[in-house]
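**Student:** Please see the structure below; I have some questions.
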Amino acid sequence: MEEKDFLAEEIYKRYGYIKRARNSFLYTAKGVRLTDLYLEEGRAILGWGACPASHSAFTQLKNVLSRGLTGSFKTEFSGRLRKALSLLLEKEVEVLSFYNMPDLENAKVWEAWKENEEITGPVFVKPPLPWAKGIYLLCLPKENNIENNLKNNSIFLPPVMEAAITRSVYNLIEAIKVRQEKDWFIYDPVLTKYFKRRGPYLKAKVSREKYRDFFLHCLDCGMVINPNYDGDSIVPFAADKGVFSKLAKNPFEI
């Protein structure tokens, strides 16, 4: 069973269906609010649903969808994603889109709030949009030649998705200006016992052998962490410190 399926099953067994997702929280059928530190592998890092940092992308998606712009044709939104990503990376880039990340030598993954090196080669960006699951954006400096096999294997983003992703990139640019170390270190008294934190990203200190038990323990404490040991969990922005009280009162032996 893949980690994401394991995650969904374990949440359901304990709390029933997820009825609503908002900000950094998942609201369940049994009336329990779960704190989401998984956030769709970071694609929901700006928050779920109608929270301020992601609402405009959600609205953009609905508005463009209502216009029926889901086909394989150019629209007023075509090309705007390249401009947004060039602003995000502070360098003029060309952009190709893929389902699943292709194996590309020397390519790196860019992540917000990490110390990213100067963009001199290809980088992948995961759209900060929960509904863009599986999509990776390959950004190449304009001076780089784009190989034909990359172009041939890239996908066309329907206008509705391109418009929503573009808006989410601009939202991320604004969030980077606002969210700072002070917004994450306040949770350190509880979290750094179990995680190494760098910015909002959490890498487990728990051993690989104990990680699944730790994941289930966190779930019993109302926290959804990354089910993948090698992946990062994410500090929930603007959550009350009390969301970690159950874990603090019921520590896990590492």
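Chain labels follow the order of the structure tokens: the first chain is A, the next B, and so on; residue numbering restarts at 1 in every chain, and ligands are counted from 1 in their shown order.
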Within 6 Å of stretch 22-36 of chain A, counting only C-alpha atoms, which residues show up once you throw out same-chain ones fewer than 3 positions away? Write them as a VMD selection string, please.
**Tutor:** chain A and resid 15 to 19 39 47 to 49 51 222 to 224 236
**Student:** Mind dumping the selected residues with N, CA and C atoms as a CSV table (one decimal), in the first residue's frame?
**Tutor:**
chain,number,residue,atom,x,y,z
A,15,TYR,N,-11.4,8.5,12.3
A,15,TYR,CA,-12.2,9.8,12.3
A,15,TYR,C,-13.3,9.9,11.3
A,16,GLY,N,-13.4,8.9,10.4
A,16,GLY,CA,-14.4,8.9,9.3
A,16,GLY,C,-13.9,9.8,8.2
A,17,TYR,N,-14.9,10.2,7.3
A,17,TYR,CA,-14.5,11.0,6.2
A,17,TYR,C,-14.0,12.4,6.6
A,18,ILE,N,-13.3,12.9,5.7
A,18,ILE,CA,-12.9,14.4,5.8
A,18,ILE,C,-14.1,15.2,5.2
A,19,LYS,N,-14.7,16.0,5.9
A,19,LYS,CA,-15.8,16.8,5.4
A,19,LYS,C,-15.4,18.1,4.9
A,39,LEU,N,-0.1,18.5,4.3
A,39,LEU,CA,-0.4,19.5,3.4
A,39,LEU,C,-0.1,19.1,1.9
A,47,GLY,N,-2.2,26.8,2.5
A,47,GLY,CA,-3.5,26.5,3.2
A,47,GLY,C,-4.5,25.9,2.3
A,48,TRP,N,-5.5,25.3,2.9
A,48,TRP,CA,-6.6,24.7,2.2
A,48,TRP,C,-7.7,25.6,2.0
A,49,GLY,N,-8.4,25.4,0.9
A,49,GLY,CA,-9.7,26.1,0.7
A,49,GLY,C,-9.7,27.6,0.6
A,51,CYS,N,-8.8,29.9,2.8
A,51,CYS,CA,-8.0,30.7,3.7
A,51,CYS,C,-7.4,31.8,2.8
A,222,GLY,N,-4.2,13.8,16.9
A,222,GLY,CA,-4.9,14.8,16.1
A,222,GLY,C,-4.0,15.5,15.2
A,223,MET,N,-2.8,14.9,14.8
A,223,MET,CA,-1.9,15.5,13.9
A,223,MET,C,-1.6,14.6,12.7
A,224,VAL,N,-1.7,15.2,11.5
A,224,VAL,CA,-1.4,14.4,10.3
A,224,VAL,C,0.0,14.8,9.8
A,236,PRO,N,2.4,24.0,10.7
A,236,PRO,CA,1.1,24.7,10.2
A,236,PRO,C,1.1,26.2,10.5
**Student:** Can you measure atom CA of A:Ser233 to atom CA of A:Asp103 for me? One decimal in Å is fine.
**Tutor:** 23.9 Å
**Student:** Residues at most 12 Å from stretch 214-218 of chain A, counting only C-alpha atoms, excluding those fewer than 3 positions away in the same chain, as a ChimeraX atom specification?
**Tutor:** /A:3,6-11,13-14,34-38,191,194-195,204-211,221-229,233,243-254
**Student:** Identify all residues of stretch 14-132 of chain A in alpha helix (DSSP H) (DSSP on the backbone) and supply them as a PyMOL selection string.
**Tutor:** chain A and resi 14-15+52-66+80-89
**Student:** Would you export the selected residues with C-alpha atoms as a PDB file, in the first residue's frame, please?
**Tutor:**
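Saved result, again-v5.pdb, follows:
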ATOM      1  CA  ARG A  14     -10.169   6.738  13.334  1.00  0.00           C
ATOM      2  CA  TYR A  15     -12.194   9.769  12.335  1.00  0.00           C
ATOM      3  CA  PRO A  52      -6.684  34.159   2.689  1.00  0.00           C
ATOM      4  CA  ALA A  53      -3.379  32.939   1.210  1.00  0.00           C
ATOM      5  CA  SER A  54      -5.021  30.486  -1.197  1.00  0.00           C
ATOM      6  CA  HIS A  55      -8.525  31.852  -1.722  1.00  0.00           C
ATOM      7  CA  SER A  56      -7.767  33.852  -4.862  1.00  0.00           C
ATOM      8  CA  ALA A  57      -6.344  30.765  -6.604  1.00  0.00           C
ATOM      9  CA  PHE A  58      -9.436  28.797  -5.614  1.00  0.00           C
ATOM     10  CA  THR A  59     -11.662  31.593  -6.907  1.00  0.00           C
ATOM     11  CA  GLN A  60      -9.657  31.829 -10.116  1.00  0.00           C
ATOM     12  CA  LEU A  61     -10.089  28.114 -10.725  1.00  0.00           C
ATOM     13  CA  LYS A  62     -13.869  28.317 -10.244  1.00  0.00           C
ATOM     14  CA  ASN A  63     -14.245  31.427 -12.397  1.00  0.00           C
ATOM     15  CA  VAL A  64     -12.227  30.088 -15.314  1.00  0.00           C
ATOM     16  CA  LEU A  65     -13.935  26.691 -15.063  1.00  0.00           C
ATOM     17  CA  SER A  66     -17.327  28.409 -15.227  1.00  0.00           C
ATOM     18  CA  ARG A  80       1.250  34.126 -17.675  1.00  0.00           C
ATOM     19  CA  LEU A  81       2.655  31.174 -15.735  1.00  0.00           C
ATOM     20  CA  ARG A  82       6.108  31.734 -17.216  1.00  0.00           C
ATOM     21  CA  LYS A  83       6.055  35.360 -16.060  1.00  0.00           C
ATOM     22  CA  ALA A  84       4.974  34.361 -12.550  1.00  0.00           C
ATOM     23  CA  LEU A  85       7.699  31.735 -12.214  1.00  0.00           C
ATOM     24  CA  SER A  86      10.332  34.118 -13.567  1.00  0.00           C
ATOM     25  CA  LEU A  87       9.352  36.560 -10.822  1.00  0.00           C
ATOM     26  CA  LEU A  88       9.401  33.819  -8.181  1.00  0.00           C
ATOM     27  CA  LEU A  89      12.854  32.561  -9.208  1.00  0.00           C
TER      28      LEU A  89
END
**Student:** List every residue of stretch 9-135 of chain A that DSSP, applied to the backbone of this structure, assigns to strand (DSSP E or B), and report them as a list in words.
**Tutor:**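 Reading the DSSP output for stretch 9-135 of chain A, strand (DSSP E or B) covers Ile18, Lys19, Arg20, Ala21, Arg22, Asn23, Phe25, Leu26, Tyr27, Thr28, Arg33, Leu34, Thr35, Asp36, Trp48, Val93, Glu94, Val95, Leu96, Ser97, Phe98, Tyr99, Lys108, Val109, Trp110, Val123, Phe124, Val125 and Ile135 of chain A.
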**Student:** Restricting the calculation to only C-alpha atoms: of A:Arg179, A:Lys151, A:Pro158, A:Ala238, which residue gets closest to A:Gly68?
**Tutor:**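 Counting only C-alpha atoms, the residue closest to A:Gly68 is A:Pro158.
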**Student:** Of the candidates A:Ala164, A:Gly231, A:Gly242, A:Ile186, which shows the shortest atom-to-atom distance to A:Pro130, using only C-alpha atoms?
**Tutor:** A:Ala164
**Student:** Could you jot down the atom CA of A:Ile176 to atom CA of A:Ala112 separation for me, Å, one decimal place?
**Tutor:** 7.2 Å
**Student:** Could you check the closest approach to A:Leu104 for each of A:Ala44, A:Ile119, A:Leu138, A:Leu202 and tell me which residue wins, using only C-alpha atoms?
**Tutor:**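 Once distances to A:Leu104 are computed over only C-alpha atoms, the minimum belongs to A:Leu138.
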**Student:** Taking only C-alpha atoms into account, produce a table as JSON lines in which each residue of stretch 121-209 of chain A with an atom at most 10 Å from an atom of stretch 69-75 of chain A appears once, together with its shortest atom pair and the distance in Å to one decimal, ordered by chain and rising number.
**Tutor:**
{"residue": "A:Phe156", "atom": "CA", "partner": "A:Ser72", "partner_atom": "CA", "distance": 7.2}
{"residue": "A:Leu157", "atom": "CA", "partner": "A:Ser72", "partner_atom": "CA", "distance": 8.0}
{"residue": "A:Pro158", "atom": "CA", "partner": "A:Thr70", "partner_atom": "CA", "distance": 5.1}
{"residue": "A:Pro159", "atom": "CA", "partner": "A:Leu69", "partner_atom": "CA", "distance": 5.8}
{"residue": "A:Val160", "atom": "CA", "partner": "A:Thr70", "partner_atom": "CA", "distance": 5.8}
{"residue": "A:Met161", "atom": "CA", "partner": "A:Thr70", "partner_atom": "CA", "distance": 8.1}
{"residue": "A:Glu162", "atom": "CA", "partner": "A:Thr70", "partner_atom": "CA", "distance": 9.9}
{"residue": "A:Ala163", "atom": "CA", "partner": "A:Thr75", "partner_atom": "CA", "distance": 9.8}
**Student:** For the selection you just gave me, I'd like the residues written to a file as a compact mmCIF listing (two decimals), in the first residue's frame, keeping all heavy atoms.
**Tutor:**
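The resulting file, result.txt, is reproduced below:
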# COMPACT_ATOMS: atom_id res chain seq x y z
N PHE A 156 0.33 19.60 -21.80
CA PHE A 156 -0.36 20.87 -21.97
C PHE A 156 -1.25 21.10 -20.76
O PHE A 156 -2.06 20.23 -20.40
CB PHE A 156 -1.22 20.85 -23.24
CG PHE A 156 -2.08 22.06 -23.41
CD1 PHE A 156 -1.56 23.22 -23.99
CD2 PHE A 156 -3.41 22.05 -22.99
CE1 PHE A 156 -2.36 24.34 -24.15
CE2 PHE A 156 -4.21 23.18 -23.15
CZ PHE A 156 -3.68 24.33 -23.73
N LEU A 157 -1.08 22.23 -20.11
CA LEU A 157 -1.95 22.56 -18.99
C LEU A 157 -3.22 23.23 -19.51
O LEU A 157 -3.15 24.27 -20.18
CB LEU A 157 -1.24 23.52 -18.03
CG LEU A 157 -0.16 22.95 -17.12
CD1 LEU A 157 0.43 24.08 -16.26
CD2 LEU A 157 -0.69 21.84 -16.23
N PRO A 158 -4.40 22.67 -19.23
CA PRO A 158 -5.64 23.34 -19.62
C PRO A 158 -5.67 24.75 -19.04
O PRO A 158 -5.15 24.99 -17.95
CB PRO A 158 -6.73 22.45 -19.02
CG PRO A 158 -6.08 21.13 -18.84
CD PRO A 158 -4.65 21.41 -18.52
N PRO A 159 -6.28 25.69 -19.74
CA PRO A 159 -6.31 27.08 -19.26
C PRO A 159 -6.79 27.23 -17.83
O PRO A 159 -6.26 28.05 -17.07
CB PRO A 159 -7.26 27.77 -20.24
CG PRO A 159 -7.12 26.97 -21.51
CD PRO A 159 -6.93 25.56 -21.06
N VAL A 160 -7.78 26.43 -17.41
CA VAL A 160 -8.30 26.55 -16.05
C VAL A 160 -7.22 26.21 -15.03
O VAL A 160 -7.09 26.88 -13.99
CB VAL A 160 -9.54 25.65 -15.87
CG1 VAL A 160 -9.21 24.17 -16.07
CG2 VAL A 160 -10.15 25.87 -14.49
N MET A 161 -6.40 25.21 -15.33
CA MET A 161 -5.35 24.83 -14.39
C MET A 161 -4.19 25.81 -14.45
O MET A 161 -3.60 26.17 -13.43
CB MET A 161 -4.87 23.42 -14.69
CG MET A 161 -3.87 22.87 -13.68
SD MET A 161 -4.51 22.87 -11.98
CE MET A 161 -5.73 21.57 -12.09
N GLU A 162 -3.85 26.26 -15.66
CA GLU A 162 -2.76 27.23 -15.79
C GLU A 162 -3.09 28.53 -15.05
O GLU A 162 -2.24 29.11 -14.38
CB GLU A 162 -2.48 27.53 -17.27
CG GLU A 162 -1.30 28.47 -17.46
CD GLU A 162 -0.89 28.62 -18.92
OE1 GLU A 162 -1.63 28.15 -19.81
OE2 GLU A 162 0.17 29.21 -19.17
N ALA A 163 -4.33 28.96 -15.16
CA ALA A 163 -4.74 30.20 -14.49
C ALA A 163 -4.67 30.04 -12.96
O ALA A 163 -4.19 30.94 -12.26
CB ALA A 163 -6.17 30.57 -14.91
**Student:** Go through A:Ile173, A:Glu94, A:Val123, A:Asp230 and flag the residue nearest A:Arg212, using only C-alpha atoms for the distances.
**Tutor:**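 When distances to A:Arg212 are compared using only C-alpha atoms, the smallest one comes from A:Asp230.
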